[in-house]
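Q: Pasting in a structure now, in structure tokens, and then I'll have a few things to ask.
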Amino acid sequence: MSHPTDLKFKTLQFYSTASYPCSYLENREARSQVATPSHLIDTHTYTQLVAQGFRRSGLFTYRPNCDTCQACKPVRIDALNFKPTRTQHKAWNRHQGLRARNLPLLFNAEHFNLYRRYVSARHPGAGMDEDSQSQYTQFLLSSRVNSTLIEFRTPGGELRMVSLIDILDTGLSAVYTFFDPEVPGSLGTYGILWQLDRCKAMGLPWLYLGYWIEESRKMAYKSQFQPQQILQGGEWLSP
């Protein structure tokens, strides 16, 4: 990866965290490189950071900086040339009745309850299912870049899914999506397809999906969206 000092914004500072247990691979220690101060990271600056493999969690902007592991690979989908597979096309058609609405980053009790249900079903024991309202707010509703919440409801008004998206200079960044775990038909796949469709409508070439780890089954879905590029050695390359 390129070193942050190669960037034009040399007023930012970068430091490495202490090691901590990896959230994705068992018996691994992880470390992150953090960009600070957060108040200097606006949308334009964050776009450049994302291009070098950074992501954000709330106001915390980071990228993996592990001592002996490079399993986390930043991935982005070529939105303008994306073609859905037959399975993805079925998921798209199945949820076409959902109505999407842009919302500001404000706390909504209905969203929070859906989030709790989602993480309890999809990430049991990971600690996320114990998140308080303040933790949820810091994680999803704190941003200094151009961010929006997209909620998806049935025609009858039932909440099905919520996505947090950052709108960058070169694309959309899928920060986090949570949905009703009891609804069949690959809502998560539909959410990514919807964001790819928005990229095309906005003329933005890339949808950034965060990190992909080949050894992680939970991340296997990311490789199903093609064509895509992976950041390797500081360059975005096709796999």
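Identifiers in the structure tokens: chain A, B, ... in order shown; residue index from 1 per chain; ligand index from 1 in order shown.
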If you take only C-alpha atoms and a cut-off of 12 Å, which residues of region 31-65 of chain A touch region 211-216 of chain A, and what are their nearest atom pairs and distances in Å to one decimal, in chain and number order, as CSV?
A:
```
residue,atom,partner,partner_atom,distance
A:Val50,CA,A:Tyr211,CA,11.1
A:Gly53,CA,A:Tyr211,CA,8.5
A:Phe54,CA,A:Tyr211,CA,9.5
A:Arg55,CA,A:Tyr211,CA,8.8
A:Arg56,CA,A:Tyr211,CA,11.6
A:Tyr62,CA,A:Tyr211,CA,11.7
A:Arg63,CA,A:Tyr211,CA,9.4
A:Pro64,CA,A:Tyr211,CA,9.3
```
Q: For the selection you just gave me, I'd like the residues written to a file as a compact mmCIF listing (two decimals), in the first residue's frame, keeping N, CA and C atoms.
A:
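File out_36.txt, as written:
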```
# COMPACT_ATOMS: atom_id res chain seq x y z
N VAL A 50 -9.86 6.39 1.31
CA VAL A 50 -10.51 5.14 0.88
C VAL A 50 -9.75 4.52 -0.29
N GLY A 53 -7.15 2.34 0.92
CA GLY A 53 -7.51 1.19 1.75
C GLY A 53 -8.07 1.51 3.12
N PHE A 54 -8.34 2.78 3.40
CA PHE A 54 -8.91 3.13 4.69
C PHE A 54 -10.43 2.95 4.67
N ARG A 55 -10.98 2.78 5.86
CA ARG A 55 -12.43 2.73 6.09
C ARG A 55 -12.72 3.56 7.34
N ARG A 56 -13.99 3.76 7.59
CA ARG A 56 -14.33 4.47 8.83
C ARG A 56 -15.38 3.70 9.61
N TYR A 62 -9.53 4.23 9.67
CA TYR A 62 -8.46 3.25 9.90
C TYR A 62 -8.25 2.36 8.68
N ARG A 63 -7.15 1.63 8.69
CA ARG A 63 -6.94 0.52 7.78
C ARG A 63 -6.11 -0.53 8.50
N PRO A 64 -6.20 -1.80 8.09
CA PRO A 64 -5.42 -2.85 8.74
C PRO A 64 -3.92 -2.58 8.63
```
Q: Report as number ranges by chain: the residues of region 3-142 of chain A with a DSSP assignment of alpha helix (DSSP H), based on the backbone of this structure.
A: A: 43-50, 86-94, 109-122, 133-140
Q: Using only C-alpha atoms, which residues sit within 10 Å of region 19-22 of chain A once same-chain residues fewer than 4 positions away are excluded, as an MDAnalysis selection string?
A: chainID A and resid 26:32 65:67
Q: Would you save the residues from that selection as a PDB file, in the first residue's frame, using all heavy atoms?
A:
```
ATOM      1  N   GLU A  26      -9.738 -16.517  13.706  1.00  0.00           N
ATOM      2  CA  GLU A  26      -9.482 -16.997  15.057  1.00  0.00           C
ATOM      3  C   GLU A  26      -7.978 -17.085  15.334  1.00  0.00           C
ATOM      4  O   GLU A  26      -7.170 -17.368  14.452  1.00  0.00           O
ATOM      5  CB  GLU A  26     -10.121 -18.372  15.249  1.00  0.00           C
ATOM      6  CG  GLU A  26     -11.648 -18.355  15.239  1.00  0.00           C
ATOM      7  CD  GLU A  26     -12.221 -19.708  15.544  1.00  0.00           C
ATOM      8  OE1 GLU A  26     -11.436 -20.633  15.879  1.00  0.00           O
ATOM      9  OE2 GLU A  26     -13.459 -19.855  15.460  1.00  0.00           O
ATOM     10  N   ASN A  27      -7.662 -16.811  16.577  1.00  0.00           N
ATOM     11  CA  ASN A  27      -6.279 -16.931  17.068  1.00  0.00           C
ATOM     12  C   ASN A  27      -5.298 -16.031  16.319  1.00  0.00           C
ATOM     13  O   ASN A  27      -4.125 -16.370  16.176  1.00  0.00           O
ATOM     14  CB  ASN A  27      -5.813 -18.396  16.990  1.00  0.00           C
ATOM     15  CG  ASN A  27      -6.715 -19.336  17.753  1.00  0.00           C
ATOM     16  OD1 ASN A  27      -7.139 -19.035  18.866  1.00  0.00           O
ATOM     17  ND2 ASN A  27      -7.033 -20.477  17.150  1.00  0.00           N
ATOM     18  N   ARG A  28      -5.804 -14.915  15.830  1.00  0.00           N
ATOM     19  CA  ARG A  28      -4.937 -13.930  15.171  1.00  0.00           C
ATOM     20  C   ARG A  28      -4.970 -12.630  15.962  1.00  0.00           C
ATOM     21  O   ARG A  28      -5.991 -12.266  16.556  1.00  0.00           O
ATOM     22  CB  ARG A  28      -5.401 -13.653  13.747  1.00  0.00           C
ATOM     23  CG  ARG A  28      -5.424 -14.858  12.822  1.00  0.00           C
ATOM     24  CD  ARG A  28      -4.070 -15.183  12.240  1.00  0.00           C
ATOM     25  NE  ARG A  28      -4.184 -16.250  11.246  1.00  0.00           N
ATOM     26  CZ  ARG A  28      -4.302 -16.044   9.938  1.00  0.00           C
ATOM     27  NH1 ARG A  28      -4.321 -14.800   9.470  1.00  0.00           N
ATOM     28  NH2 ARG A  28      -4.401 -17.053   9.105  1.00  0.00           N
ATOM     29  N   GLU A  29      -3.849 -11.924  15.928  1.00  0.00           N
ATOM     30  CA  GLU A  29      -3.773 -10.593  16.518  1.00  0.00           C
ATOM     31  C   GLU A  29      -3.820  -9.563  15.392  1.00  0.00           C
ATOM     32  O   GLU A  29      -3.185  -9.743  14.346  1.00  0.00           O
ATOM     33  CB  GLU A  29      -2.490 -10.427  17.326  1.00  0.00           C
ATOM     34  CG  GLU A  29      -2.460 -11.217  18.624  1.00  0.00           C
ATOM     35  CD  GLU A  29      -3.445 -10.658  19.645  1.00  0.00           C
ATOM     36  OE1 GLU A  29      -3.384  -9.447  19.931  1.00  0.00           O
ATOM     37  OE2 GLU A  29      -4.270 -11.439  20.170  1.00  0.00           O
ATOM     38  N   ALA A  30      -4.571  -8.509  15.602  1.00  0.00           N
ATOM     39  CA  ALA A  30      -4.714  -7.460  14.599  1.00  0.00           C
ATOM     40  C   ALA A  30      -4.163  -6.144  15.125  1.00  0.00           C
ATOM     41  O   ALA A  30      -3.974  -5.955  16.326  1.00  0.00           O
ATOM     42  CB  ALA A  30      -6.178  -7.299  14.205  1.00  0.00           C
ATOM     43  N   ARG A  31      -3.887  -5.252  14.192  1.00  0.00           N
ATOM     44  CA  ARG A  31      -3.435  -3.907  14.522  1.00  0.00           C
ATOM     45  C   ARG A  31      -3.949  -2.987  13.414  1.00  0.00           C
ATOM     46  O   ARG A  31      -4.053  -3.386  12.253  1.00  0.00           O
ATOM     47  CB  ARG A  31      -1.909  -3.855  14.601  1.00  0.00           C
ATOM     48  CG  ARG A  31      -1.351  -2.578  15.204  1.00  0.00           C
ATOM     49  CD  ARG A  31       0.165  -2.529  15.021  1.00  0.00           C
ATOM     50  NE  ARG A  31       0.857  -3.604  15.689  1.00  0.00           N
ATOM     51  CZ  ARG A  31       1.300  -3.549  16.944  1.00  0.00           C
ATOM     52  NH1 ARG A  31       1.107  -2.453  17.656  1.00  0.00           N
ATOM     53  NH2 ARG A  31       1.946  -4.567  17.482  1.00  0.00           N
ATOM     54  N   SER A  32      -4.301  -1.759  13.758  1.00  0.00           N
ATOM     55  CA  SER A  32      -4.823  -0.812  12.771  1.00  0.00           C
ATOM     56  C   SER A  32      -3.957   0.429  12.699  1.00  0.00           C
ATOM     57  O   SER A  32      -3.313   0.820  13.680  1.00  0.00           O
ATOM     58  CB  SER A  32      -6.257  -0.393  13.125  1.00  0.00           C
ATOM     59  OG  SER A  32      -7.138  -1.481  13.048  1.00  0.00           O
ATOM     60  N   ASN A  65      -3.222  -2.847   9.726  1.00  0.00           N
ATOM     61  CA  ASN A  65      -1.772  -2.631   9.757  1.00  0.00           C
ATOM     62  C   ASN A  65      -1.136  -3.713  10.627  1.00  0.00           C
ATOM     63  O   ASN A  65      -0.373  -3.434  11.542  1.00  0.00           O
ATOM     64  CB  ASN A  65      -1.473  -1.240  10.315  1.00  0.00           C
ATOM     65  CG  ASN A  65      -0.016  -0.847  10.159  1.00  0.00           C
ATOM     66  OD1 ASN A  65       0.622  -1.192   9.167  1.00  0.00           O
ATOM     67  ND2 ASN A  65       0.521  -0.121  11.125  1.00  0.00           N
ATOM     68  N   CYS A  66      -1.503  -4.952  10.332  1.00  0.00           N
ATOM     69  CA  CYS A  66      -1.091  -6.078  11.163  1.00  0.00           C
ATOM     70  C   CYS A  66       0.386  -6.414  10.946  1.00  0.00           C
ATOM     71  O   CYS A  66       0.935  -6.208   9.859  1.00  0.00           O
ATOM     72  CB  CYS A  66      -1.963  -7.294  10.871  1.00  0.00           C
ATOM     73  SG  CYS A  66      -3.732  -6.969  11.147  1.00  0.00           S
ATOM     74  N   ASP A  67       1.007  -6.969  11.982  1.00  0.00           N
ATOM     75  CA  ASP A  67       2.443  -7.223  11.944  1.00  0.00           C
ATOM     76  C   ASP A  67       2.815  -8.349  10.981  1.00  0.00           C
ATOM     77  O   ASP A  67       3.797  -8.247  10.241  1.00  0.00           O
ATOM     78  CB  ASP A  67       2.946  -7.563  13.350  1.00  0.00           C
ATOM     79  CG  ASP A  67       2.778  -6.399  14.322  1.00  0.00           C
ATOM     80  OD1 ASP A  67       2.906  -5.246  13.870  1.00  0.00           O
ATOM     81  OD2 ASP A  67       2.526  -6.650  15.505  1.00  0.00           O
TER      82      ASP A  67
END
```
Q: Taking into account only C-alpha atoms, which residue in the set A:Tyr15, A:Tyr24, A:Phe112, A:Tyr176 is nearest to Lys218 (chain A)?
A: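 Going through A:Tyr15, A:Tyr24, A:Phe112, A:Tyr176 one by one, the smallest distance to Lys218 (chain A) is for A:Tyr24.
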Q: Determine the nearest neighbour of Met161 (chain A) from the options A:Ser132, A:Gln13, A:Ser142, A:Thr177, counting only C-alpha atoms.
A: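 Among A:Ser132, A:Gln13, A:Ser142, A:Thr177, it is A:Thr177 that comes nearest to Met161 (chain A).
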Q: CA of Gly58 (chain A) and CA of Phe139 (chain A), how far apart in Å?
A: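 Between CA of Phe139 (chain A) and CA of Gly58 (chain A) the gap works out to 4.6 Å.
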Q: Just the residues within 12 Å of region 90-102 of chain A, please, counting only C-alpha atoms, with nothing from its chain fewer than 5 positions along; format it as a VMD selection string.
A: chain A and resid 84 to 85 147 to 165 183 to 198
Q: Quick one: everything within 9 Å of Asn81 (chain A), counting only C-alpha atoms, minus sequence neighbours fewer than 6 positions away in the same chain. Send it as number ranges by chain.
A: A: 205, 226-227
Q: For the residues in the current selection, export all heavy atoms as a PDB file, in the first residue's frame.
A:
```
ATOM      1  N   PRO A 205     -18.152   5.597 -10.599  1.00  0.00           N
ATOM      2  CA  PRO A 205     -17.619   4.337 -11.122  1.00  0.00           C
ATOM      3  C   PRO A 205     -17.467   3.200 -10.126  1.00  0.00           C
ATOM      4  O   PRO A 205     -17.430   2.041 -10.526  1.00  0.00           O
ATOM      5  CB  PRO A 205     -16.254   4.740 -11.683  1.00  0.00           C
ATOM      6  CG  PRO A 205     -15.861   5.949 -10.894  1.00  0.00           C
ATOM      7  CD  PRO A 205     -17.147   6.675 -10.602  1.00  0.00           C
ATOM      8  N   GLN A 226     -19.014  -8.973  -9.709  1.00  0.00           N
ATOM      9  CA  GLN A 226     -17.946  -8.789 -10.689  1.00  0.00           C
ATOM     10  C   GLN A 226     -18.397  -7.851 -11.815  1.00  0.00           C
ATOM     11  O   GLN A 226     -19.580  -7.782 -12.121  1.00  0.00           O
ATOM     12  CB  GLN A 226     -17.550 -10.145 -11.282  1.00  0.00           C
ATOM     13  CG  GLN A 226     -17.004 -11.144 -10.278  1.00  0.00           C
ATOM     14  CD  GLN A 226     -15.615 -10.796  -9.756  1.00  0.00           C
ATOM     15  OE1 GLN A 226     -14.877 -10.019 -10.386  1.00  0.00           O
ATOM     16  NE2 GLN A 226     -15.259 -11.344  -8.606  1.00  0.00           N
ATOM     17  N   PRO A 227     -17.461  -7.123 -12.462  1.00  0.00           N
ATOM     18  CA  PRO A 227     -16.020  -7.113 -12.186  1.00  0.00           C
ATOM     19  C   PRO A 227     -15.686  -6.277 -10.956  1.00  0.00           C
ATOM     20  O   PRO A 227     -16.434  -5.374 -10.589  1.00  0.00           O
ATOM     21  CB  PRO A 227     -15.429  -6.493 -13.449  1.00  0.00           C
ATOM     22  CG  PRO A 227     -16.521  -5.605 -13.977  1.00  0.00           C
ATOM     23  CD  PRO A 227     -17.807  -6.307 -13.649  1.00  0.00           C
TER      24      PRO A 227
END
```
Q: Grab the CA of Asp169 (chain A) to CA of Thr43 (chain A) distance for me, in Å with one decimal place.
A: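 Spanning CA of Asp169 (chain A) to CA of Thr43 (chain A) is a straight-line distance of 7.5 Å.
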Q: In region 17-210 of chain A, what's strand (DSSP E or B) per DSSP? Answer as an MDAnalysis selection string?
A: chainID A and resid 20:21 29:30 32:36 55:57 60:64 73:78 99:103 147:153 159:167 171:179 206:210
Q: I'd like the interatomic distance between CA of Gly234 (chain A) and CA of Cys72 (chain A), to a tenth of an Å.
A: 13.3 Å
Q: I'd like to know which of A:Pro74, A:Pro37, A:Pro104, A:Gly210 is closest to Ser173 (chain A), using only C-alpha atoms.
A: A:Gly210
